[in-house]
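Q: One file is attached below, query31.cif, containing mmCIF, C-alpha atoms.
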```cif
data_work
#
loop_
_atom_site.group_PDB
_atom_site.id
_atom_site.type_symbol
_atom_site.label_atom_id
_atom_site.label_comp_id
_atom_site.auth_asym_id
_atom_site.auth_seq_id
_atom_site.Cartn_x
_atom_site.Cartn_y
_atom_site.Cartn_z
ATOM 1 C CA MET A 1 1.126 -3.518 -67.353
ATOM 2 C CA ALA A 2 -0.357 -0.010 -67.656
ATOM 3 C CA MET A 3 -0.800 1.578 -71.050
ATOM 4 C CA ALA A 4 0.989 4.814 -71.869
ATOM 5 C CA PHE A 5 -1.102 7.987 -71.901
ATOM 6 C CA ASP A 6 -2.385 8.790 -75.401
ATOM 7 C CA LYS A 7 -3.396 12.453 -75.767
ATOM 8 C CA ASN A 8 -5.583 11.508 -78.758
ATOM 9 C CA LEU A 9 -7.869 9.558 -76.388
ATOM 10 C CA ASP A 10 -8.274 12.513 -73.989
ATOM 11 C CA LYS A 11 -11.442 14.439 -74.899
ATOM 12 C CA ALA A 12 -12.359 17.890 -73.548
ATOM 13 C CA LEU A 13 -16.096 17.974 -72.796
ATOM 14 C CA PHE A 14 -15.927 21.523 -71.387
ATOM 15 C CA SER A 15 -13.182 24.100 -71.061
ATOM 16 C CA GLU A 16 -13.241 27.742 -70.029
ATOM 17 C CA THR A 17 -10.403 30.044 -68.976
ATOM 18 C CA VAL A 18 -10.261 33.118 -66.789
ATOM 19 C CA THR A 19 -7.268 35.435 -67.295
ATOM 20 C CA PHE A 20 -5.677 37.667 -64.683
ATOM 21 C CA GLU A 21 -2.739 40.084 -64.962
ATOM 22 C CA THR A 22 0.037 37.496 -64.606
ATOM 23 C CA THR A 23 -1.753 34.149 -64.707
ATOM 24 C CA ARG A 24 -4.700 32.301 -66.174
ATOM 25 C CA ILE A 25 -6.713 29.422 -64.766
ATOM 26 C CA THR A 26 -8.579 26.898 -66.886
ATOM 27 C CA VAL A 27 -11.454 24.744 -65.670
ATOM 28 C CA SER A 28 -12.021 21.696 -67.869
ATOM 29 C CA VAL A 29 -14.021 18.503 -67.847
ATOM 30 C CA MET A 30 -12.033 15.710 -69.466
ATOM 31 C CA SER A 31 -12.889 12.142 -70.434
ATOM 32 C CA TYR A 32 -10.125 9.668 -71.262
ATOM 33 C CA ASN A 33 -10.977 6.905 -73.726
ATOM 34 C CA GLY A 34 -14.711 7.278 -73.099
ATOM 35 C CA GLY A 35 -14.256 6.912 -69.342
ATOM 36 C CA ALA A 36 -15.689 8.907 -66.468
ATOM 37 C CA ALA A 37 -15.737 12.693 -66.865
ATOM 38 C CA LYS A 38 -13.333 14.387 -64.453
ATOM 39 C CA LEU A 39 -12.836 18.025 -63.477
ATOM 40 C CA GLN A 40 -9.408 19.503 -64.148
ATOM 41 C CA ILE A 41 -8.215 22.903 -62.910
ATOM 42 C CA SER A 42 -4.900 24.144 -64.264
ATOM 43 C CA ARG A 43 -2.828 27.310 -64.059
ATOM 44 C CA GLU A 44 -0.523 28.950 -66.569
ATOM 45 C CA ASP A 45 1.759 31.835 -65.603
ATOM 46 C CA ARG A 46 2.788 34.617 -67.992
ATOM 47 C CA ASN A 47 6.522 34.783 -68.701
ATOM 48 C CA GLN A 48 7.627 38.366 -67.957
ATOM 49 C CA ASN A 49 10.123 38.385 -70.831
ATOM 50 C CA SER A 50 8.172 36.757 -73.656
ATOM 51 C CA GLY A 51 4.600 37.320 -72.495
ATOM 52 C CA GLU A 52 3.836 33.660 -73.284
ATOM 53 C CA PHE A 53 1.891 31.488 -70.848
ATOM 54 C CA THR A 54 3.513 28.326 -69.475
ATOM 55 C CA PHE A 55 2.127 25.548 -67.263
ATOM 56 C CA SER A 56 2.469 26.062 -63.514
ATOM 57 C CA LYS A 57 1.337 24.122 -60.464
ATOM 58 C CA LEU A 58 -2.113 25.403 -59.426
ATOM 59 C CA GLY A 59 -1.188 25.509 -55.739
ATOM 60 C CA ARG A 60 -2.953 28.015 -53.532
ATOM 61 C CA MET A 61 -5.423 30.506 -54.935
ATOM 62 C CA PHE A 62 -6.194 34.109 -54.034
ATOM 63 C CA GLN A 63 -9.780 35.025 -53.132
ATOM 64 C CA GLU A 64 -10.161 36.860 -56.470
ATOM 65 C CA GLU A 65 -9.149 33.693 -58.323
ATOM 66 C CA VAL A 66 -11.561 31.499 -56.352
ATOM 67 C CA GLN A 67 -14.424 33.938 -56.987
ATOM 68 C CA ALA A 68 -13.711 33.808 -60.733
ATOM 69 C CA VAL A 69 -13.259 30.009 -60.871
ATOM 70 C CA LEU A 70 -16.321 28.974 -58.827
ATOM 71 C CA PRO A 71 -18.838 30.001 -61.537
ATOM 72 C CA LEU A 72 -16.796 28.025 -64.088
ATOM 73 C CA ILE A 73 -16.962 24.940 -61.868
ATOM 74 C CA GLN A 74 -20.732 25.370 -61.676
ATOM 75 C CA LYS A 75 -20.886 25.618 -65.495
ATOM 76 C CA ALA A 76 -18.743 22.464 -65.777
ATOM 77 C CA LEU A 77 -20.924 20.310 -63.496
ATOM 78 C CA PRO A 78 -23.560 19.327 -66.113
ATOM 79 C CA TYR A 79 -20.757 17.953 -68.337
ATOM 80 C CA MET A 80 -19.781 15.488 -65.605
ATOM 81 C CA LYS A 81 -22.975 13.401 -65.844
#
```
Since I need it in another form, could you write the structure as structure tokens?
A:
Amino acid sequence: MAMAFDKNLDKALFSETVTFETTRITVSVMSYNGGAAKLQISREDRNQNSGEFTFSKLGRMFQEEVQAVLPLIQKALPYMK
């Protein structure tokens, strides 16, 4: 039987965010319970009413977003060894 996910065992080895007008994208390297380091890319969209950011599916990216995220992926690579 699989164990339930425990956020306390999830360690961020690297994390950097790039913010755009209505969204922000975070590139992270995470290690769960001392396991293999894995790259995570996540998006948060700004709520027009409150201005707060909330999780959103990353989905497709505009060229501007890719150009901003690629350098972050390069910076994250050494943390994956």
Q: When you count all atoms listed in the file, which of these residues is closest to Thr26 in chain A: A:Gln67, A:Ser56, A:Gln74, A:Ser42?
A: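 Using all atoms listed in the file, Thr26 in chain A sits closest to A:Ser42.
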Q: Mind giving me the straight-line distance from CA of Glu16 in chain A to CA of Lys75 in chain A in Å, one decimal?
A: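 If I compute the distance from CA of Glu16 in chain A to CA of Lys75 in chain A, I get 9.1 Å.
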Q: Restricting the calculation to all atoms listed in the file: of A:Thr22, A:Asn47, A:Thr17, A:Asn8, which residue gets closest to Ile73 in chain A?
A: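 Checking each candidate against Ile73 in chain A, we get A:Thr17 as the closest.
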Q: Just the number, please: distance in Å from CA of Lys81 in chain A to CA of Asn33 in chain A, one decimal.
A: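 Between CA of Lys81 in chain A and CA of Asn33 in chain A the gap is 15.8 Å.
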Q: Quote the spacing between CA of Arg46 in chain A and CA of Leu9 in chain A in Å to one decimal place.
A: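 CA of Leu9 in chain A lies 28.5 Å from CA of Arg46 in chain A.
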Q: Find the residues near Asp10 in chain A: any atom within 12 Å, counting all atoms listed in the file, skip ones fewer than 4 places away on the same chain, and give them as an MDAnalysis selection string.
A: chainID A and resid 5:6 28:38
Q: Which is closest to Leu70 in chain A among A:Arg43, A:Ala12, A:Ala4, A:Val18, if we use only C-alpha atoms?
A: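 Nearest to Leu70 in chain A: A:Val18.
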Q: With distances taken over all atoms listed in the file, which residue among A:Phe20, A:Asn49, A:Leu39, A:Leu77 lies nearest Phe62 in chain A?
A: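 Of all the options, A:Phe20 lies closest to Phe62 in chain A.
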Q: Any chance you could work out the axis-aligned box around range 35-40 of chain A, listed atoms only, 4 Å on each side, giving centre and edge lengths in Å to one decimal, as lines of an AutoDock Vina configuration file?
A:
```
center_x = -12.6
center_y = 13.2
center_z = -66.4
size_x = 14.3
size_y = 20.6
size_z = 13.9
```
Q: Name the closest residue to Gln40 in chain A among the candidates A:Met61, A:Met80, A:Ala68, A:Met3; distances are taken between atoms, counting all atoms listed in the file.
A: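 Selected residue with least distance to Gln40 in chain A: A:Met80.
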